[in-house]
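The data block below is work-v3.cif; it holds mmCIF, C-alpha atoms (C1' of nucleotides).
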```cif
data_protein
loop_
_atom_site.label_atom_id
_atom_site.label_comp_id
_atom_site.auth_asym_id
_atom_site.auth_seq_id
_atom_site.Cartn_x
_atom_site.Cartn_y
_atom_site.Cartn_z
CA MET A 1 3.39 -24.52 -11.57
CA SER A 2 4.93 -26.79 -8.96
CA ALA A 3 3.38 -26.30 -5.56
CA ARG A 4 5.92 -28.26 -3.62
CA LYS A 5 9.65 -28.92 -3.94
CA ALA A 6 11.37 -32.29 -3.67
CA VAL A 7 11.97 -33.46 -0.12
CA ASP A 8 15.71 -32.89 -0.18
CA LYS A 9 15.10 -29.28 -1.06
CA GLU A 10 12.52 -28.57 1.55
CA LEU A 11 12.58 -25.48 3.67
CA SER A 12 13.41 -25.62 7.37
CA ARG A 13 13.55 -23.14 10.24
CA GLU A 14 17.34 -23.24 10.15
CA ILE A 15 17.55 -22.47 6.46
CA ILE A 16 15.12 -19.61 6.77
CA MET A 17 16.91 -18.21 9.80
CA SER A 18 20.19 -18.32 8.00
CA ALA A 19 18.91 -16.33 5.04
CA ALA A 20 17.01 -13.99 7.30
CA ARG A 21 20.10 -13.35 9.39
CA ASP A 22 22.06 -12.19 6.37
CA LEU A 23 19.33 -9.84 5.30
CA PHE A 24 18.67 -8.45 8.77
CA VAL A 25 22.35 -7.79 9.23
CA GLU A 26 22.59 -6.13 5.86
CA LYS A 27 19.49 -3.96 6.02
CA GLY A 28 18.07 -4.01 9.54
CA TYR A 29 14.81 -5.43 10.78
CA GLN A 30 12.48 -2.86 9.32
CA HIS A 31 13.96 -2.93 5.86
CA VAL A 32 13.73 -6.65 5.36
CA SER A 33 10.47 -8.08 4.12
CA MET A 34 9.24 -11.62 4.25
CA ARG A 35 9.10 -11.47 0.48
CA GLN A 36 12.79 -10.63 0.32
CA ILE A 37 13.73 -13.50 2.58
CA ALA A 38 11.68 -15.87 0.48
CA ALA A 39 13.16 -14.52 -2.73
CA LYS A 40 16.67 -15.06 -1.41
CA LEU A 41 15.80 -18.69 -0.79
CA GLY A 42 14.01 -19.17 -4.08
CA TYR A 43 10.70 -19.78 -2.31
CA SER A 44 7.47 -17.90 -2.14
CA HIS A 45 6.83 -15.67 0.85
CA GLY A 46 3.88 -17.74 1.97
CA ALA A 47 6.15 -20.70 2.63
CA ILE A 48 7.85 -18.92 5.49
CA TYR A 49 4.56 -18.62 7.31
CA TYR A 50 4.40 -22.36 7.43
CA HIS A 51 7.55 -22.41 9.57
CA PHE A 52 7.16 -19.18 11.54
CA THR A 53 3.91 -17.65 12.64
CA ASN A 54 5.08 -14.15 11.73
CA LYS A 55 8.02 -11.88 11.14
CA ALA A 56 8.52 -11.05 14.81
CA GLU A 57 8.77 -14.67 15.80
CA LEU A 58 11.36 -15.28 13.12
CA PHE A 59 13.34 -12.29 14.29
CA PHE A 60 13.27 -13.11 17.99
CA ALA A 61 14.30 -16.65 17.28
CA LEU A 62 17.41 -15.15 15.75
CA VAL A 63 18.00 -12.66 18.54
CA GLU A 64 17.85 -15.35 21.18
CA SER A 65 20.39 -17.44 19.43
CA HIS A 66 22.70 -14.47 19.11
CA PHE A 67 22.51 -13.44 22.71
CA SER A 68 23.94 -16.76 23.69
CA MET A 69 26.48 -16.40 20.90
CA LEU A 70 27.84 -13.26 22.53
CA ASP A 71 28.00 -14.91 25.94
CA GLN A 72 29.72 -17.89 24.40
CA LYS A 73 32.16 -15.72 22.52
CA LEU A 74 33.15 -13.94 25.72
CA GLU A 75 33.55 -17.25 27.48
CA GLU A 76 35.80 -18.65 24.78
CA MET A 77 38.03 -15.66 25.05
CA MET A 78 38.30 -16.06 28.78
CA ASP A 79 39.26 -19.70 28.41
CA ALA A 80 42.02 -19.05 25.91
CA ASP A 81 45.56 -19.62 27.12
CA LEU A 82 46.89 -16.11 26.64
CA PRO A 83 48.28 -13.27 28.70
CA ASN A 84 45.67 -11.14 30.39
CA THR A 85 46.42 -8.10 28.29
CA THR A 86 45.95 -10.07 25.10
CA LYS A 87 42.73 -11.53 26.38
CA LEU A 88 41.47 -8.08 27.22
CA LYS A 89 42.24 -6.80 23.77
CA HIS A 90 40.50 -9.80 22.27
CA ILE A 91 37.45 -9.11 24.34
CA PHE A 92 37.35 -5.49 23.27
CA ILE A 93 37.75 -6.33 19.60
CA GLY A 94 35.46 -9.30 19.92
CA TYR A 95 32.73 -7.14 21.31
CA ILE A 96 33.01 -4.74 18.40
CA GLU A 97 33.15 -7.58 15.92
CA PHE A 98 30.02 -9.06 17.34
CA GLY A 99 28.20 -5.75 17.20
CA LEU A 100 29.09 -5.09 13.61
CA THR A 101 28.53 -8.61 12.42
CA HIS A 102 25.06 -8.83 13.94
CA GLN A 103 24.08 -5.22 13.62
CA SER A 104 20.39 -5.65 13.67
CA HIS A 105 20.55 -7.76 16.78
CA TYR A 106 22.88 -5.35 18.47
CA GLU A 107 20.38 -2.62 17.82
CA ILE A 108 17.66 -4.61 19.50
CA MET A 109 19.89 -5.51 22.44
CA PHE A 110 21.27 -2.09 23.21
CA LEU A 111 19.76 0.62 21.07
CA VAL A 112 16.06 0.02 21.02
CA LYS A 113 14.24 2.41 23.29
CA ASP A 114 10.76 1.32 22.44
CA LYS A 115 9.34 0.31 25.78
CA GLU A 116 7.17 -2.50 24.53
CA VAL A 117 10.06 -4.14 22.78
CA ARG A 118 12.24 -3.61 25.86
CA ASN A 119 9.82 -5.48 28.09
CA PHE A 120 10.13 -8.43 25.79
CA MET A 121 13.69 -8.99 26.97
CA ASN A 122 14.92 -7.39 30.13
CA GLU A 123 17.32 -9.95 31.55
CA GLY A 124 19.47 -10.58 28.51
CA PRO A 125 21.47 -7.34 28.37
CA MET A 126 21.95 -7.21 32.13
CA LYS A 127 23.29 -10.70 32.38
CA THR A 128 25.60 -10.22 29.45
CA TYR A 129 26.93 -6.96 30.83
CA GLN A 130 27.56 -8.45 34.27
CA THR A 131 29.73 -11.22 32.93
CA PHE A 132 31.45 -8.76 30.62
CA ALA A 133 32.21 -6.46 33.53
CA SER A 134 33.52 -9.18 35.80
CA HIS A 135 35.78 -10.49 33.07
CA ILE A 136 37.24 -7.04 32.48
CA SER A 137 37.77 -6.61 36.18
CA GLU A 138 39.48 -9.95 36.46
CA LEU A 139 41.86 -9.38 33.59
CA SER A 140 42.80 -5.82 34.33
CA GLU A 141 46.25 -5.06 35.63
CA LYS A 142 44.96 -2.13 37.65
CA ARG A 143 42.07 -2.41 40.04
CA LEU A 144 39.19 -0.82 38.16
CA SER A 145 36.23 0.97 39.63
CA ILE A 146 32.71 0.27 38.46
CA ARG A 147 32.80 3.58 36.62
CA ASP A 148 36.03 2.66 34.85
CA ILE A 149 34.46 -0.47 33.47
CA TRP A 150 31.36 1.42 32.58
CA SER A 151 33.43 3.90 30.59
CA ILE A 152 35.11 1.09 28.75
CA PHE A 153 31.77 -0.35 27.86
CA MET A 154 30.48 2.98 26.63
CA ALA A 155 33.57 3.55 24.55
CA LEU A 156 33.03 0.19 22.88
CA HIS A 157 29.35 0.85 22.56
CA GLY A 158 30.09 4.16 20.87
CA PHE A 159 32.31 2.49 18.33
CA VAL A 160 29.71 -0.09 17.43
CA THR A 161 26.87 2.38 17.43
CA HIS A 162 28.62 4.77 15.15
CA TYR A 163 29.42 2.21 12.51
CA ILE A 164 26.14 0.39 12.57
CA GLY A 165 24.37 1.24 9.37
CA HIS A 166 27.44 2.87 7.87
CA VAL A 167 29.36 -0.28 7.32
CA VAL A 168 28.53 -3.73 6.07
CA GLY A 169 30.78 -5.80 8.29
CA PHE A 170 33.57 -5.82 10.81
CA GLU A 171 36.44 -6.18 8.37
CA GLU A 172 35.90 -2.69 7.03
CA VAL A 173 36.87 -1.21 10.38
CA ARG A 174 39.25 -3.77 11.80
CA GLN A 175 42.18 -1.38 11.92
CA ALA A 176 40.23 1.34 13.66
CA ALA A 177 38.83 -1.23 16.08
CA GLU A 178 42.28 -2.45 16.98
CA HIS A 179 43.46 1.03 17.62
CA HIS A 180 40.43 1.72 19.75
CA ALA A 181 41.07 -1.43 21.76
CA GLU A 182 44.69 -0.44 22.26
CA LEU A 183 43.64 2.88 23.75
CA LEU A 184 41.18 1.18 26.05
CA LEU A 185 43.96 -1.04 27.30
CA LEU A 186 45.66 2.08 28.60
CA TRP A 187 42.85 2.49 31.09
CA THR A 188 43.57 -0.95 32.50
CA LYS A 189 47.31 -0.43 32.95
CA LYS A 190 49.04 0.85 36.06
CA MET B 1 -14.65 22.39 3.69
CA SER B 2 -12.17 25.22 4.10
CA ALA B 3 -9.31 25.03 1.66
CA ARG B 4 -7.25 27.65 3.38
CA LYS B 5 -6.80 28.71 7.01
CA ALA B 6 -6.79 32.25 8.32
CA VAL B 7 -3.50 34.05 7.85
CA ASP B 8 -2.56 34.04 11.52
CA LYS B 9 -2.91 30.28 11.56
CA GLU B 10 -0.92 29.60 8.48
CA LEU B 11 1.70 26.95 8.36
CA SER B 12 5.38 27.83 8.26
CA ARG B 13 8.60 25.93 7.90
CA GLU B 14 9.36 26.52 11.58
CA ILE B 15 6.05 25.17 12.79
CA ILE B 16 6.36 22.10 10.62
CA MET B 17 9.94 21.53 11.72
CA SER B 18 9.01 21.71 15.35
CA ALA B 19 6.29 19.11 15.04
CA ALA B 20 8.45 16.96 12.81
CA ARG B 21 11.32 17.04 15.28
CA ASP B 22 9.18 15.60 18.05
CA LEU B 23 7.93 12.81 15.86
CA PHE B 24 11.26 11.96 14.32
CA VAL B 25 12.79 11.72 17.76
CA GLU B 26 9.98 9.62 19.10
CA LYS B 27 9.71 7.15 16.25
CA GLY B 28 12.70 7.58 13.97
CA TYR B 29 12.81 8.83 10.44
CA GLN B 30 11.37 5.82 8.68
CA HIS B 31 8.45 5.46 11.04
CA VAL B 32 7.21 8.99 10.71
CA SER B 33 4.97 9.73 7.77
CA MET B 34 4.14 13.06 6.25
CA ARG B 35 0.55 12.30 7.13
CA GLN B 36 1.44 11.92 10.80
CA ILE B 37 3.27 15.24 10.87
CA ALA B 38 0.34 16.93 9.21
CA ALA B 39 -2.12 15.30 11.59
CA LYS B 40 -0.15 16.51 14.60
CA LEU B 41 -0.49 20.04 13.23
CA GLY B 42 -4.11 19.68 12.23
CA TYR B 43 -3.33 20.11 8.55
CA SER B 44 -3.53 17.84 5.57
CA HIS B 45 -0.41 16.12 4.40
CA GLY B 46 -0.44 17.93 1.09
CA ALA B 47 0.17 21.25 2.84
CA ILE B 48 3.63 20.20 3.93
CA TYR B 49 4.65 19.76 0.35
CA TYR B 50 3.98 23.42 -0.19
CA HIS B 51 6.73 24.26 2.31
CA PHE B 52 9.15 21.40 1.75
CA THR B 53 9.76 19.61 -1.51
CA ASN B 54 9.87 16.22 0.18
CA LYS B 55 10.40 14.32 3.39
CA ALA B 56 14.17 14.24 3.11
CA GLU B 57 14.42 17.99 2.67
CA LEU B 58 12.32 18.56 5.75
CA PHE B 59 14.54 16.29 7.73
CA PHE B 60 17.68 17.84 6.35
CA ALA B 61 16.53 21.30 7.37
CA LEU B 62 16.21 20.05 10.95
CA VAL B 63 19.65 18.56 11.01
CA GLU B 64 21.33 21.68 9.69
CA SER B 65 19.96 23.86 12.43
CA HIS B 66 21.14 21.44 15.07
CA PHE B 67 24.66 21.23 13.80
CA SER B 68 25.15 24.96 13.93
CA MET B 69 24.06 24.90 17.57
CA LEU B 70 26.77 22.42 18.40
CA ASP B 71 29.37 24.34 16.40
CA GLN B 72 28.58 27.46 18.35
CA LYS B 73 28.94 25.69 21.68
CA LEU B 74 32.35 24.31 20.76
CA GLU B 75 33.51 27.71 19.64
CA GLU B 76 32.51 29.29 22.92
CA MET B 77 34.57 26.77 24.80
CA MET B 78 37.62 27.38 22.70
CA ASP B 79 37.42 31.09 23.34
CA ALA B 80 37.44 30.70 27.11
CA ASP B 81 40.56 31.80 28.95
CA LEU B 82 41.59 28.53 30.60
CA PRO B 83 44.47 26.03 30.62
CA ASN B 84 44.44 23.58 27.76
CA THR B 85 43.70 20.57 29.90
CA THR B 86 40.75 22.31 31.44
CA LYS B 87 39.46 23.36 28.05
CA LEU B 88 39.76 19.81 26.83
CA LYS B 89 37.80 18.49 29.74
CA HIS B 90 35.20 21.17 29.20
CA ILE B 91 34.88 20.18 25.58
CA PHE B 92 34.44 16.54 26.48
CA ILE B 93 31.85 17.28 29.11
CA GLY B 94 30.30 19.97 26.95
CA TYR B 95 29.81 17.52 24.15
CA ILE B 96 28.04 15.11 26.44
CA GLU B 97 26.00 17.90 27.95
CA PHE B 98 24.88 19.01 24.53
CA GLY B 99 23.88 15.50 23.59
CA LEU B 100 21.88 14.91 26.75
CA THR B 101 20.36 18.37 26.93
CA HIS B 102 19.21 18.31 23.33
CA GLN B 103 18.59 14.62 23.06
CA SER B 104 16.18 14.97 20.22
CA HIS B 105 18.66 17.02 18.26
CA TYR B 106 21.47 14.64 18.93
CA GLU B 107 19.53 11.66 17.78
CA ILE B 108 18.64 13.33 14.57
CA MET B 109 22.20 14.44 14.03
CA PHE B 110 24.08 11.25 14.71
CA LEU B 111 21.78 8.33 15.06
CA VAL B 112 19.88 8.33 11.81
CA LYS B 113 21.07 5.65 9.43
CA ASP B 114 18.66 6.04 6.58
CA LYS B 115 20.57 6.22 3.32
CA GLU B 116 18.25 8.68 1.67
CA VAL B 117 18.79 11.13 4.49
CA ARG B 118 22.51 10.60 4.75
CA ASN B 119 22.99 11.46 1.12
CA PHE B 120 21.20 14.69 1.75
CA MET B 121 23.59 15.74 4.50
CA ASN B 122 27.24 15.03 4.25
CA GLU B 123 28.72 18.44 4.93
CA GLY B 124 27.19 19.23 8.34
CA PRO B 125 28.61 16.32 10.32
CA MET B 126 31.92 16.51 8.49
CA LYS B 127 32.43 20.18 9.18
CA THR B 128 31.45 19.89 12.82
CA TYR B 129 33.68 16.91 13.33
CA GLN B 130 36.61 18.63 11.62
CA THR B 131 36.52 21.61 13.93
CA PHE B 132 36.02 19.32 16.91
CA ALA B 133 39.03 17.28 15.85
CA SER B 134 41.29 20.26 15.24
CA HIS B 135 40.39 21.73 18.61
CA ILE B 136 41.25 18.48 20.34
CA SER B 137 44.48 18.24 18.46
CA GLU B 138 45.40 21.80 19.33
CA LEU B 139 44.71 21.40 23.03
CA SER B 140 46.28 18.01 23.50
CA GLU B 141 49.56 17.72 25.35
CA LYS B 142 50.59 14.71 23.27
CA ARG B 143 50.55 14.77 19.48
CA LEU B 144 47.45 12.77 18.59
CA SER B 145 46.88 10.70 15.49
CA ILE B 146 43.69 10.96 13.49
CA ARG B 147 42.67 7.61 14.93
CA ASP B 148 43.27 8.79 18.49
CA ILE B 149 40.87 11.66 18.01
CA TRP B 150 38.39 9.39 16.34
CA SER B 151 38.46 7.09 19.34
CA ILE B 152 37.84 9.99 21.65
CA PHE B 153 34.87 10.99 19.62
CA MET B 154 33.43 7.50 19.63
CA ALA B 155 33.90 7.18 23.36
CA LEU B 156 31.93 10.38 23.85
CA HIS B 157 29.36 9.28 21.34
CA GLY B 158 28.91 6.02 23.19
CA PHE B 159 28.26 7.82 26.45
CA VAL B 160 25.63 10.07 24.95
CA THR B 161 24.03 7.31 22.93
CA HIS B 162 23.67 5.04 25.88
CA TYR B 163 21.97 7.57 28.11
CA ILE B 164 19.69 9.09 25.53
CA GLY B 165 16.20 7.97 26.35
CA HIS B 166 17.21 6.56 29.72
CA VAL B 167 17.82 9.89 31.32
CA VAL B 168 16.00 13.20 31.42
CA GLY B 169 18.90 15.62 31.43
CA PHE B 170 22.62 16.04 31.84
CA GLU B 171 22.67 16.61 35.59
CA GLU B 172 21.63 13.04 36.26
CA VAL B 173 24.89 11.76 34.85
CA ARG B 174 27.27 14.61 35.55
CA GLN B 175 29.47 12.51 37.82
CA ALA B 176 29.76 9.68 35.37
CA ALA B 177 30.41 12.17 32.58
CA GLU B 178 33.21 13.79 34.51
CA HIS B 179 34.78 10.46 35.19
CA HIS B 180 34.50 9.55 31.53
CA ALA B 181 36.11 12.85 30.53
CA GLU B 182 38.91 12.28 33.00
CA LEU B 183 39.70 8.94 31.45
CA LEU B 184 39.69 10.47 27.99
CA LEU B 185 42.18 13.06 29.18
CA LEU B 186 44.58 10.21 29.83
CA TRP B 187 44.74 9.61 26.10
CA THR B 188 45.89 13.17 25.55
CA LYS B 189 48.68 13.13 28.16
CA LYS B 190 52.29 12.18 27.54
"C1'" DC C 1 -14.97 45.07 -6.72
"C1'" DT C 2 -12.07 42.18 -9.10
"C1'" DA C 3 -8.25 39.66 -10.80
"C1'" DG C 4 -4.32 37.31 -9.21
"C1'" DT C 5 -1.59 34.88 -5.92
"C1'" DA C 6 -0.68 32.07 -1.94
"C1'" DA C 7 -2.01 28.39 0.89
"C1'" DT C 8 -4.63 24.26 1.73
"C1'" DT C 9 -7.33 20.30 0.68
"C1'" DG C 10 -8.39 15.61 -0.61
"C1'" DA C 11 -8.51 12.38 -4.14
"C1'" DA C 12 -5.60 9.56 -6.80
"C1'" DC C 13 -1.35 6.96 -8.13
"C1'" DA C 14 1.94 3.56 -7.64
"C1'" DG C 15 4.26 1.26 -4.43
"C1'" DT C 16 5.33 -1.80 -0.25
"C1'" DG C 17 4.33 -4.45 3.69
"C1'" DG C 18 2.51 -8.49 6.66
"C1'" DT C 19 -0.73 -11.86 6.73
"C1'" DT C 20 -4.37 -15.24 5.26
"C1'" DA C 21 -6.61 -18.77 2.67
"C1'" DA C 22 -7.84 -21.54 -1.10
"C1'" DT C 23 -5.35 -24.56 -3.96
"C1'" DA C 24 -2.07 -27.83 -5.68
"C1'" DA C 25 1.52 -31.11 -5.55
"C1'" DA C 26 4.86 -34.49 -3.20
"C1'" DG C 27 5.54 -38.23 -0.39
"C1'" DA C 28 3.86 -41.82 3.12
"C1'" DG C 29 0.96 -45.60 4.59
"C1'" DG C 30 -2.31 -48.81 3.73
"C1'" DC D 1 -4.07 -47.27 -6.46
"C1'" DC D 2 -6.07 -44.32 -3.23
"C1'" DT D 3 -6.20 -41.41 0.69
"C1'" DC D 4 -4.00 -38.39 4.11
"C1'" DT D 5 -0.74 -35.32 5.64
"C1'" DT D 6 2.87 -32.11 4.80
"C1'" DT D 7 4.63 -28.48 2.30
"C1'" DA D 8 4.59 -24.66 -1.10
"C1'" DT D 9 2.29 -21.49 -4.33
"C1'" DT D 10 -0.50 -17.75 -5.52
"C1'" DA D 11 -3.91 -14.41 -5.37
"C1'" DA D 12 -6.04 -11.45 -2.47
"C1'" DC D 13 -6.79 -8.23 1.49
"C1'" DC D 14 -5.79 -4.37 4.08
"C1'" DA D 15 -3.12 -0.85 5.89
"C1'" DC D 16 0.13 1.78 4.98
"C1'" DT D 17 3.77 4.96 2.32
"C1'" DG D 18 5.66 9.39 -0.45
"C1'" DT D 19 4.26 12.20 -3.89
"C1'" DT D 20 1.44 14.82 -7.31
"C1'" DC D 21 -2.20 17.74 -8.70
"C1'" DA D 22 -6.68 19.83 -9.84
"C1'" DA D 23 -9.82 22.20 -7.18
"C1'" DT D 24 -10.93 25.43 -3.68
"C1'" DT D 25 -10.59 29.10 -0.68
"C1'" DA D 26 -8.30 33.45 1.91
"C1'" DC D 27 -6.15 37.17 1.21
"C1'" DT D 28 -4.09 41.24 -1.38
"C1'" DA D 29 -2.90 44.68 -4.88
"C1'" DG D 30 -4.88 47.54 -8.11
#
```
As a first step, turn the structure in this file into structure tokens.
Amino acid sequence: MSARKAVDKELSREIIMSAARDLFVEKGYQHVSMRQIAAKLGYSHGAIYYHFTNKAELFFALVESHFSMLDQKLEEMMDADLPNTTKLKHIFIGYIEFGLTHQSHYEIMFLVKDKEVRNFMNEGPMKTYQTFASHISELSEKRLSIRDIWSIFMALHGFVTHYIGHVVGFEEVRQAAEHHAELLLLWTKK
Amino acid sequence: MSARKAVDKELSREIIMSAARDLFVEKGYQHVSMRQIAAKLGYSHGAIYYHFTNKAELFFALVESHFSMLDQKLEEMMDADLPNTTKLKHIFIGYIEFGLTHQSHYEIMFLVKDKEVRNFMNEGPMKTYQTFASHISELSEKRLSIRDIWSIFMALHGFVTHYIGHVVGFEEVRQAAEHHAELLLLWTKK
DNA sequence: CTAGTAATTGAACAGTGGTTAATAAAGAGG
DNA sequence: CCTCTTTATTAACCACTGTTCAATTACTAG
């Protein structure tokens, strides 16, 4: 019974987070156990508690990193050297891709109604939406009202929400997502 | 220790369903236990198993009743004597109104991801969506593809999903809903 | 009044979960 | 070589879960 692995095979927060991310995305927060994460890594569940104080801390560490991922993803798309219409479509599809690739995090960001959880992170969604909205406004051919942008967001949100839990990843719905994005572009045209 | 209540205080499927609905909506399917439902009713958990074979069947019974409510509402709108465009808009708004007026029902119908439950109910949503889709197709000025209709549905779903829990009733968002419906009409015009 | 049925109880079973703590082993420093 | 720290294992604890079932009672038909 070895009680410790060789140094080059030691556990780290990054390694745990990576395995945990896969499982959370696949099954959602509630359906992933510390034992499962440990099993996926070939470690015992107790080992994780050496690196994270509990399951919630592990999860929120992931969520934080993914919030900035979404912001970053939007920023990259803005910086690309492409026509505005193409950029817009990329943003629409990119949003959906993000939602379906990090389903469990998306749920926490936009679908969780539990008030205690909500208080844990109130600025994140707002900030992300504001930059999203201003980018859409900037790229649109037609001058959009606040409500127009809001409708676009809700249409995207509906797409993500519907497929969360029904689908493993983005690739399964790429075609439908592209079609959805194309329709949304209509709202931005004169 | 009474082992049976007086006849006029006996449990029934309806009474159980009503208590279960509240809890399912408040906490979600996985986080509601048979013991909690029983406790809310002042009965022991075993009693529920006399009326429902298991948790999934209880849940399924709830969902069925909600789908027929929505079906009926759609049918009423189709039967109205109005121009097609107006009917379409009414259906869009009516869908949102249904979702936000019966938030608990809507959540149970469309927001539950649990695999056990989904296997139990695959006809209800399908049938409702099929009639919804054929109505849209019939009323649309432009010939719509399956994907077009699907996008419309997801845009509506996104609207409802976002406001569920954040809003008490439909009236609070009527203006936004009408704007959303107006944008969706664009997709049905030549 | 009595036998039978319908409805309810509560214990028990077999899991699962997060978390903790004693224990053991690997590597580092002296 | 010996200690000290760091890391990992394992058993154990406790609070749950859905489900089953013998026992118990309330009512009802005869």
For this session: Would you kindly translate the PyMOL selection byres ((chain A) within 7 of (chain B)) into the concrete residues it picks from this file, as a PyMOL selection string?
Result: chain A and resi 113+147+151+154-155+157-159+165+176+180
Do you know which residues the PyMOL selection byres ((chain B) within 10 of (chain C)) returns on this file, as an NGL selection string? :B and (1-7 or 10-11 or 43-48 or 50-51)
note - atom CA of His102 of chain B and atom CA of Tyr106 of chain A are separated by 24.4 Å
request  = Take the point (28.1, -7.4, 9.6) in the file's coordinates, draw a sphere of radius 10 Å around it, and report as a list of chain:residue names every protein, DNA or RNA residue with an atom inside or on it, counting only C-alpha atoms (C1' of nucleotides).
outcome  =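 The distance filter leaves exactly A:Arg21, A:Asp22, A:Phe24, A:Val25, A:Glu26, A:Lys27, A:Glu97, A:Phe98, A:Gly99, A:Leu100, A:Thr101, A:His102, A:Gln103, A:Ser104, A:Ile164, A:Gly165, A:Val167, A:Val168, A:Gly169, A:Phe170, A:Glu171, A:Glu172.
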Determine, using all atoms listed in the file, which residues of chain D have any atom at most 12 Å from an atom of chain A, and tabulate each with its shortest atom pair and distance in Å to one decimal place, rows ordered by chain and then rising number, as a Markdown table.
```
| residue | atom | partner | partner_atom | distance |
| --- | --- | --- | --- | --- |
| D:DT6 | C1' | A:Arg4 | CA | 9.7 |
| D:DT7 | C1' | A:Arg4 | CA | 6.1 |
| D:DA8 | C1' | A:Arg4 | CA | 4.6 |
| D:DT9 | C1' | A:Ala3 | CA | 5.1 |
| D:DT10 | C1' | A:Ser44 | CA | 8.7 |
| D:DA11 | C1' | A:Gly46 | CA | 11.2 |
```
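The interatomic distance for the pair atom CA of Val173 of chain B and atom CA of Asp71 of chain B works out to 22.8 Å.
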Enumerate, as a VMD selection string, the residues matched when the PyMOL selection byres ((chain A and resi 131) around 12) is run on the file above. chain A and resid 70 to 75 78 91 124 to 130 132 to 138 149
Mind filling out segment 173-184 of chain A with N, CA and C atoms and sending it as an mmCIF file, keeping the file's coordinate frame?
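And here's out34.cif as it stands now:
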```cif
data_model
loop_
_atom_site.group_PDB
_atom_site.id
_atom_site.type_symbol
_atom_site.label_atom_id
_atom_site.label_comp_id
_atom_site.auth_asym_id
_atom_site.auth_seq_id
_atom_site.Cartn_x
_atom_site.Cartn_y
_atom_site.Cartn_z
ATOM 1 N N VAL A 173 36.375 -2.133 9.345
ATOM 2 C CA VAL A 173 36.870 -1.210 10.380
ATOM 3 C C VAL A 173 37.837 -1.886 11.332
ATOM 4 N N ARG A 174 38.367 -3.008 10.905
ATOM 5 C CA ARG A 174 39.250 -3.770 11.800
ATOM 6 C C ARG A 174 40.381 -2.928 12.353
ATOM 7 N N GLN A 175 41.036 -2.174 11.477
ATOM 8 C CA GLN A 175 42.180 -1.380 11.920
ATOM 9 C C GLN A 175 41.778 -0.356 12.979
ATOM 10 N N ALA A 176 40.689 0.342 12.698
ATOM 11 C CA ALA A 176 40.230 1.340 13.660
ATOM 12 C C ALA A 176 39.838 0.666 14.968
ATOM 13 N N ALA A 177 39.246 -0.505 14.872
ATOM 14 C CA ALA A 177 38.830 -1.230 16.080
ATOM 15 C C ALA A 177 40.038 -1.621 16.907
ATOM 16 N N GLU A 178 41.088 -2.053 16.238
ATOM 17 C CA GLU A 178 42.280 -2.450 16.980
ATOM 18 C C GLU A 178 42.920 -1.268 17.686
ATOM 19 N N HIS A 179 42.899 -0.169 17.008
ATOM 20 C CA HIS A 179 43.460 1.030 17.620
ATOM 21 C C HIS A 179 42.621 1.456 18.836
ATOM 22 N N HIS A 180 41.344 1.382 18.655
ATOM 23 C CA HIS A 180 40.430 1.720 19.750
ATOM 24 C C HIS A 180 40.699 0.805 20.947
ATOM 25 N N ALA A 181 40.822 -0.455 20.693
ATOM 26 C CA ALA A 181 41.070 -1.430 21.760
ATOM 27 C C ALA A 181 42.389 -1.121 22.473
ATOM 28 N N GLU A 182 43.376 -0.739 21.682
ATOM 29 C CA GLU A 182 44.690 -0.440 22.260
ATOM 30 C C GLU A 182 44.586 0.740 23.240
ATOM 31 N N LEU A 183 43.814 1.727 22.860
ATOM 32 C CA LEU A 183 43.640 2.880 23.750
ATOM 33 C C LEU A 183 42.899 2.474 25.027
ATOM 34 N N LEU A 184 41.927 1.614 24.867
ATOM 35 C CA LEU A 184 41.180 1.180 26.050
ATOM 36 C C LEU A 184 42.074 0.405 27.008
#
```
